[in-house]
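Trainee: I'm passing along final-v9.tsv; it holds TSV, C-alpha atoms and all ligand atoms.
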```
chain	number	residue	atom	x	y	z
A	1	MET	CA	6.86	6.43	-20.49
A	2	ASP	CA	6.73	4.84	-17.01
A	3	THR	CA	9.80	2.73	-17.89
A	4	ILE	CA	11.87	5.88	-18.59
A	5	THR	CA	10.75	7.34	-15.24
A	6	TYR	CA	11.73	4.11	-13.47
A	7	LEU	CA	15.12	4.00	-15.17
A	8	LYS	CA	15.90	7.61	-14.18
A	9	ASN	CA	14.96	6.98	-10.55
A	10	PHE	CA	16.54	3.51	-10.40
A	11	VAL	CA	20.03	4.90	-11.12
A	12	LYS	CA	19.72	7.39	-8.25
A	13	ASP	CA	17.85	5.29	-5.68
A	14	ARG	CA	18.58	1.56	-5.30
A	15	ASN	CA	15.36	1.09	-3.29
A	16	VAL	CA	13.39	1.69	-6.50
A	17	ALA	CA	14.65	-1.82	-7.36
A	18	SER	CA	12.99	-2.04	-10.75
A	19	ILE	CA	13.42	-0.58	-14.22
A	20	THR	CA	9.85	-1.13	-15.31
A	21	PRO	CA	6.42	-1.15	-13.63
A	22	THR	CA	4.68	-4.39	-12.68
A	23	SER	CA	2.79	-6.00	-15.60
A	24	SER	CA	-1.00	-6.02	-15.74
A	25	PHE	CA	-0.82	-9.81	-15.08
A	26	GLY	CA	1.15	-9.16	-11.88
A	27	VAL	CA	-1.24	-6.43	-10.78
A	28	LYS	CA	-4.29	-8.63	-11.38
A	29	ARG	CA	-2.78	-11.63	-9.59
A	30	VAL	CA	-1.96	-9.60	-6.46
A	31	CYS	CA	-5.31	-7.78	-6.45
A	32	SER	CA	-7.29	-11.02	-7.00
A	33	LYS	CA	-6.91	-11.53	-3.22
A	34	ILE	CA	-8.91	-8.36	-2.47
A	35	ASP	CA	-12.67	-8.42	-1.88
A	36	PHE	CA	-13.73	-5.26	-3.71
A	37	GLU	CA	-17.40	-5.80	-2.76
A	38	ARG	CA	-16.58	-4.53	0.75
A	39	GLN	CA	-15.74	-1.07	2.04
A	40	ASN	CA	-11.96	-1.26	2.54
A	41	VAL	CA	-9.05	0.66	3.92
A	42	ILE	CA	-6.14	-0.26	1.63
A	43	ILE	CA	-2.52	0.79	2.09
A	44	GLU	CA	0.06	0.56	-0.67
A	45	TYR	CA	3.79	0.58	0.14
A	46	GLY	CA	5.93	1.72	-2.80
A	47	PRO	CA	3.30	2.67	-5.40
A	48	GLY	CA	6.01	4.02	-7.75
A	49	THR	CA	4.22	5.66	-10.67
A	50	GLY	CA	0.89	4.11	-9.66
A	51	VAL	CA	0.31	0.97	-11.72
A	52	PHE	CA	-1.44	-0.78	-8.78
A	53	THR	CA	-3.02	2.49	-7.63
A	54	ARG	CA	-4.93	2.90	-10.92
A	55	TYR	CA	-6.26	-0.67	-10.77
A	56	LEU	CA	-7.27	-0.30	-7.12
A	57	LEU	CA	-9.10	2.97	-7.76
A	58	LYS	CA	-11.00	1.45	-10.68
A	59	ASN	CA	-12.22	-1.42	-8.51
A	60	MET	CA	-12.71	0.13	-5.04
A	61	ASP	CA	-16.12	1.46	-4.02
A	62	ASP	CA	-16.69	5.15	-3.23
A	63	ALA	CA	-16.54	4.67	0.55
A	64	SER	CA	-13.17	2.87	0.51
A	65	ARG	CA	-9.87	4.64	1.17
A	66	LEU	CA	-6.43	4.16	-0.35
A	67	ILE	CA	-3.31	5.33	1.50
A	68	LEU	CA	-0.12	5.46	-0.58
A	69	ILE	CA	3.21	5.38	1.25
A	70	GLU	CA	6.10	6.13	-1.13
A	71	ARG	CA	9.66	6.74	0.07
A	72	ASN	CA	11.05	8.17	-3.20
A	73	LYS	CA	10.35	11.91	-3.43
A	74	ASN	CA	10.20	11.99	-7.26
A	75	PHE	CA	7.60	9.24	-7.35
A	76	GLY	CA	5.71	11.03	-4.55
A	77	SER	CA	5.57	14.22	-6.67
A	78	ILE	CA	4.50	12.31	-9.80
A	79	LEU	CA	1.67	10.66	-7.87
A	80	LYS	CA	0.54	13.97	-6.39
A	81	LYS	CA	0.42	15.50	-9.89
A	82	LYS	CA	-1.38	12.55	-11.49
A	83	ILE	CA	-3.88	11.40	-8.87
A	84	HIS	CA	-6.75	13.60	-7.83
A	85	ASP	CA	-9.23	11.33	-6.12
A	86	PRO	CA	-10.95	12.02	-2.78
A	87	ARG	CA	-10.40	8.39	-1.71
A	88	VAL	CA	-6.60	8.72	-1.88
A	89	VAL	CA	-4.01	10.03	0.57
A	90	ILE	CA	-0.38	10.26	-0.66
A	91	VAL	CA	2.35	10.19	1.96
A	92	ASN	CA	6.08	10.67	1.28
A	93	ASP	CA	7.46	8.39	3.98
A	94	SER	CA	8.85	4.93	4.60
A	95	ALA	CA	6.78	1.82	5.25
A	96	GLU	CA	8.03	1.26	8.82
A	97	ASN	CA	6.13	4.41	9.85
A	98	VAL	CA	2.77	2.97	8.76
A	99	LEU	CA	1.22	3.29	12.25
A	100	ASP	CA	1.92	7.06	12.31
A	101	THR	CA	0.39	7.37	8.85
A	102	LEU	CA	-2.74	5.49	9.90
A	103	ARG	CA	-3.10	7.78	12.92
A	104	ALA	CA	-2.64	10.88	10.76
A	105	CYS	CA	-5.36	9.57	8.41
A	106	ARG	CA	-7.65	8.92	11.40
A	107	GLU	CA	-7.90	5.21	10.62
A	108	SER	CA	-7.30	2.55	13.24
A	109	GLN	CA	-6.37	-0.41	11.04
A	110	ALA	CA	-6.33	-1.50	7.39
A	111	ASP	CA	-8.04	-4.37	5.56
A	112	TYR	CA	-5.23	-4.83	3.04
A	113	ILE	CA	-1.63	-3.72	2.73
A	114	LEU	CA	0.07	-4.19	-0.66
A	115	SER	CA	3.82	-3.97	-0.99
A	116	GLY	CA	6.39	-3.94	-3.77
A	117	ILE	CA	9.25	-2.65	-1.65
A	118	PRO	CA	12.42	-4.72	-2.19
A	119	PHE	CA	12.70	-6.81	0.98
A	120	ILE	CA	15.78	-8.50	-0.52
A	121	LEU	CA	17.72	-5.21	-0.03
A	122	LEU	CA	16.63	-4.57	3.58
A	123	ASN	CA	18.66	-5.58	6.61
A	124	ASP	CA	16.93	-7.90	9.08
A	125	GLU	CA	16.29	-5.11	11.59
A	126	LEU	CA	14.37	-2.92	9.12
A	127	LYS	CA	12.63	-5.93	7.55
A	128	ASN	CA	11.35	-7.04	10.95
A	129	LEU	CA	10.30	-3.51	11.95
A	130	ILE	CA	8.25	-3.19	8.75
A	131	LEU	CA	6.66	-6.61	9.28
A	132	TYR	CA	5.95	-5.97	12.98
A	133	ASN	CA	4.28	-2.63	12.26
A	134	THR	CA	2.46	-4.00	9.20
A	135	HIS	CA	1.01	-6.80	11.31
A	136	ARG	CA	-0.16	-4.27	13.90
A	137	ALA	CA	-1.62	-2.03	11.18
A	138	LEU	CA	-3.86	-4.81	9.82
A	139	LYS	CA	-7.29	-5.82	11.09
A	140	LYS	CA	-7.76	-9.43	12.21
A	141	GLY	CA	-8.25	-11.38	8.97
A	142	GLY	CA	-6.55	-8.54	7.05
A	143	LYS	CA	-4.08	-9.41	4.32
A	144	PHE	CA	-0.51	-8.37	3.56
A	145	LEU	CA	-0.08	-8.85	-0.20
A	146	VAL	CA	3.54	-8.73	-1.33
A	147	TYR	CA	5.10	-9.01	-4.80
A	148	GLN	CA	8.85	-9.55	-5.16
A	149	THR	CA	11.18	-10.71	-7.91
A	150	CYS	CA	11.32	-14.50	-8.31
A	151	PHE	CA	15.04	-14.59	-7.34
A	152	GLN	CA	14.13	-14.51	-3.66
A	153	THR	CA	14.72	-17.54	-1.49
A	154	ASP	CA	12.49	-18.32	1.49
A	155	ASN	CA	15.11	-16.73	3.75
A	156	HIS	CA	14.63	-13.30	2.18
A	157	LEU	CA	10.96	-12.96	3.15
A	158	LYS	CA	8.90	-16.15	3.60
A	159	VAL	CA	10.53	-17.21	6.89
A	160	HIS	CA	10.03	-13.68	8.25
A	161	LEU	CA	6.38	-13.57	7.17
A	162	ASP	CA	5.84	-16.97	8.84
A	163	ARG	CA	6.94	-15.47	12.15
A	164	TYR	CA	4.21	-12.82	12.11
A	165	PHE	CA	1.31	-14.29	10.14
A	166	PRO	CA	-0.49	-17.60	10.82
A	167	ILE	CA	-1.25	-18.17	7.12
A	168	VAL	CA	1.31	-17.42	4.38
A	169	ARG	CA	0.85	-18.59	0.79
A	170	SER	CA	3.14	-17.89	-2.14
A	171	LYS	CA	2.81	-18.32	-5.91
A	172	TYR	CA	4.75	-17.29	-9.01
A	173	GLU	CA	3.55	-14.97	-11.78
A	174	LEU	CA	5.66	-15.65	-14.86
A	175	ARG	CA	4.08	-12.97	-17.06
A	176	ASN	CA	6.22	-10.17	-15.66
A	177	ILE	CA	9.81	-9.00	-16.28
A	178	PRO	CA	11.35	-10.50	-14.22
A	179	PRO	CA	8.79	-13.09	-13.03
A	180	LEU	CA	7.28	-12.37	-9.63
A	181	ARG	CA	6.92	-14.25	-6.41
A	182	VAL	CA	3.59	-13.19	-4.91
A	183	TYR	CA	2.75	-13.69	-1.23
A	184	GLU	CA	-0.58	-13.63	0.59
A	185	ALA	CA	-0.10	-13.34	4.37
A	186	ILE	CA	-3.28	-13.38	6.47
A	187	LYS	CA	-3.47	-12.04	10.04
B	201	LIG	C1	9.82	-2.49	-7.33
B	201	LIG	S1	9.21	-0.82	-7.22
B	201	LIG	C2	7.45	-1.14	-7.39
B	201	LIG	C3	6.72	0.03	-7.94
B	201	LIG	C4	5.26	-0.18	-8.36
B	201	LIG	N1	4.44	-0.51	-7.22
B	201	LIG	C5	5.12	-1.27	-9.39
B	201	LIG	O1	4.54	-2.30	-9.08
B	201	LIG	O2	5.59	-1.07	-10.51
B	201	LIG	C6	9.43	-0.50	-5.47
B	201	LIG	C7	8.84	0.79	-4.98
B	201	LIG	O3	8.95	0.83	-3.56
B	201	LIG	C8	9.43	2.10	-3.13
B	201	LIG	N2	10.05	1.89	-1.80
B	201	LIG	C9	11.23	1.26	-1.54
B	201	LIG	N3	11.43	1.18	-0.22
B	201	LIG	C10	10.35	1.74	0.37
B	201	LIG	C11	9.96	1.95	1.73
B	201	LIG	N4	10.75	1.54	2.74
B	201	LIG	N5	8.79	2.56	1.99
B	201	LIG	C12	7.98	2.98	0.97
B	201	LIG	N6	8.30	2.83	-0.33
B	201	LIG	C13	9.46	2.20	-0.63
B	201	LIG	C14	10.37	2.52	-4.25
B	201	LIG	O4	10.64	3.90	-4.23
B	201	LIG	C15	9.56	2.05	-5.47
B	201	LIG	O5	8.60	3.00	-5.83
```
Could you write out this file's structure as structure tokens?
Ligand SMILES: C[S@@+](CC[C@H](N)C(=O)[O-])C[C@H]1O[C@@H](n2cnc3c(N)ncnc32)[C@H](O)[C@@H]1O
Mentor:
Amino acid sequence: MDTITYLKNFVKDRNVASITPTSSFGVKRVCSKIDFERQNVIIEYGPGTGVFTRYLLKNMDDASRLILIERNKNFGSILKKKIHDPRVVIVNDSAENVLDTLRACRESQADYILSGIPFILLNDELKNLILYNTHRALKKGGKFLVYQTCFQTDNHLKVHLDRYFPIVRSKYELRNIPPLRVYEAIK
């Protein structure tokens, strides 16, 4: 069902950048970097139909918050219809405006920001604006957790992450179509 939704939106919006949601292996690998024992403010860029969102909500405690920032209006409406949880805020906007979103949610900074937005399609100006504002939006020690297709070279994202974050690690998750390159950038 989700795959049909992705296909329909993919043909109209190239920023959807995928014809199927991330696999459960991909979701678990990215989320393994989150300490769910703590009270967290988590932001998700590009939740799509909510495959990460569902996993996060299952594992977050009651006092944690999840802020979803989705640029595609159809996905935004699907999320608003499907998710009714007091810990969640759904915002139809683009990731570079994360600081405005945090202010509107009355939060100063986040513990984790997850992102599946296709950095490979962004020009350098927008890429750097998103990374600059993401870095500012994170607490010290906070993590930017990014999953991208494995076709990316270091020039697409890694070198840019290295400019903003003192620690950047990357690994591959092969159990996804296509395989993923997963980054953990720590402020
Ligand atoms: C590759 S899909 C990932 C969807 C979902 N998180 C998953 O793992 O299956 C990328 C998502 O990012 C969204 N997106 C693309 N550019 C964005 C931006 N600048 N800000 C927020 N969302 C964006 C797309 O609409 C799409 O939902």
Trainee: Around ligand LIG 201 (chain B), which protein and nucleic acid residues have at least one atom no more than 10 Å from it, if we count all atoms listed in the file? List them as a PyMOL selection string.
Mentor: chain A and resi 2-3+6+9-10+13-24+26-27+44-53+68-76+91-98+114-119+121-122+126-127+130+147-149
Trainee: What's around Ser32 in chain A at 12 Å? Count only C-alpha atoms, leave out sequence neighbours fewer than 3 positions away in its own chain, and write the answer as a VMD selection string.
Mentor: chain A and resid 24 to 29 35 to 36 52 55 to 56 59 112 114 143 145 182 to 184
Trainee: Write out as a PyMOL selection string each polymer residue whose atoms come within 7 Å of Gly142 in chain A, counting only C-alpha atoms; drop sequence neighbours fewer than 5 positions from it.
Mentor: chain A and resi 111-112+186-187
Trainee: Which residue is closest to Asn40 in chain A? Choose from A:Val146, A:Leu57, A:Ile4, A:Ile177 and count only C-alpha atoms.
Mentor: A:Leu57
Trainee: Which distance in Å separates CA of Lys33 in chain A and CA of Lys82 in chain A, to one decimal?
Mentor: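 A separation of 26.1 Å between them.
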Trainee: Between A:Arg175, A:Arg169, A:Arg54, A:His160, which is the closest to Leu79 in chain A once you count only C-alpha atoms?
Mentor: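 Nearest to Leu79 in chain A: A:Arg54.
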Trainee: Figure out the distance between CA of Ala63 in chain A and CA of Gln39 in chain A, please, to one decimal in Å.
Mentor: 6.0 Å
Trainee: With distances taken over all atoms listed in the file, which residue among A:Cys31, A:Leu66, A:Ile167, A:Leu157 lies nearest Thr101 in chain A?
Mentor: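 For Thr101 in chain A, the nearest of the candidates is A:Leu66.
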Trainee: Between A:Tyr164, A:Arg181, A:Phe144, A:Lys139, which residue has the minimum interatomic distance to Glu107 in chain A, considering all atoms listed in the file?
Mentor: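 Smallest distance to Glu107 in chain A is found for A:Lys139.
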Trainee: For range 110-125 of chain A, supply N, CA and C atoms and report the output as an mmCIF file, in the coordinates of the input.
Mentor:
```cif
data_model
loop_
_atom_site.group_PDB
_atom_site.id
_atom_site.type_symbol
_atom_site.label_atom_id
_atom_site.label_comp_id
_atom_site.auth_asym_id
_atom_site.auth_seq_id
_atom_site.Cartn_x
_atom_site.Cartn_y
_atom_site.Cartn_z
ATOM 1 N N ALA A 110 -6.036 -1.320 8.821
ATOM 2 C CA ALA A 110 -6.330 -1.500 7.390
ATOM 3 C C ALA A 110 -6.831 -2.912 7.105
ATOM 4 N N ASP A 111 -7.575 -3.043 6.009
ATOM 5 C CA ASP A 111 -8.040 -4.370 5.560
ATOM 6 C C ASP A 111 -6.968 -5.071 4.728
ATOM 7 N N TYR A 112 -6.260 -4.264 3.925
ATOM 8 C CA TYR A 112 -5.230 -4.830 3.040
ATOM 9 C C TYR A 112 -4.027 -3.898 3.018
ATOM 10 N N ILE A 113 -2.843 -4.488 2.996
ATOM 11 C CA ILE A 113 -1.630 -3.720 2.730
ATOM 12 C C ILE A 113 -0.904 -4.415 1.575
ATOM 13 N N LEU A 114 -0.664 -3.657 0.510
ATOM 14 C CA LEU A 114 0.070 -4.190 -0.660
ATOM 15 C C LEU A 114 1.485 -3.654 -0.606
ATOM 16 N N SER A 115 2.441 -4.454 -1.054
ATOM 17 C CA SER A 115 3.820 -3.970 -0.990
ATOM 18 C C SER A 115 4.699 -4.498 -2.121
ATOM 19 N N GLY A 116 5.390 -3.558 -2.768
ATOM 20 C CA GLY A 116 6.390 -3.940 -3.770
ATOM 21 C C GLY A 116 7.774 -3.523 -3.333
ATOM 22 N N ILE A 117 7.924 -3.120 -2.070
ATOM 23 C CA ILE A 117 9.250 -2.650 -1.650
ATOM 24 C C ILE A 117 10.224 -3.846 -1.622
ATOM 25 N N PRO A 118 11.472 -3.606 -1.997
ATOM 26 C CA PRO A 118 12.420 -4.720 -2.190
ATOM 27 C C PRO A 118 12.958 -5.275 -0.873
ATOM 28 N N PHE A 119 12.265 -6.239 -0.303
ATOM 29 C CA PHE A 119 12.700 -6.810 0.980
ATOM 30 C C PHE A 119 14.089 -7.426 0.880
ATOM 31 N N ILE A 120 14.462 -7.858 -0.318
ATOM 32 C CA ILE A 120 15.780 -8.500 -0.520
ATOM 33 C C ILE A 120 16.925 -7.519 -0.182
ATOM 34 N N LEU A 121 16.662 -6.211 -0.280
ATOM 35 C CA LEU A 121 17.720 -5.210 -0.030
ATOM 36 C C LEU A 121 17.729 -4.722 1.425
ATOM 37 N N LEU A 122 16.739 -5.112 2.213
ATOM 38 C CA LEU A 122 16.630 -4.570 3.580
ATOM 39 C C LEU A 122 17.414 -5.429 4.566
ATOM 40 N N ASN A 123 18.023 -4.774 5.560
ATOM 41 C CA ASN A 123 18.660 -5.580 6.610
ATOM 42 C C ASN A 123 17.567 -6.171 7.510
ATOM 43 N N ASP A 124 17.947 -7.171 8.298
ATOM 44 C CA ASP A 124 16.930 -7.900 9.080
ATOM 45 C C ASP A 124 16.194 -6.989 10.058
ATOM 46 N N GLU A 125 16.926 -5.992 10.590
ATOM 47 C CA GLU A 125 16.290 -5.110 11.590
ATOM 48 C C GLU A 125 15.138 -4.319 10.952
#
```
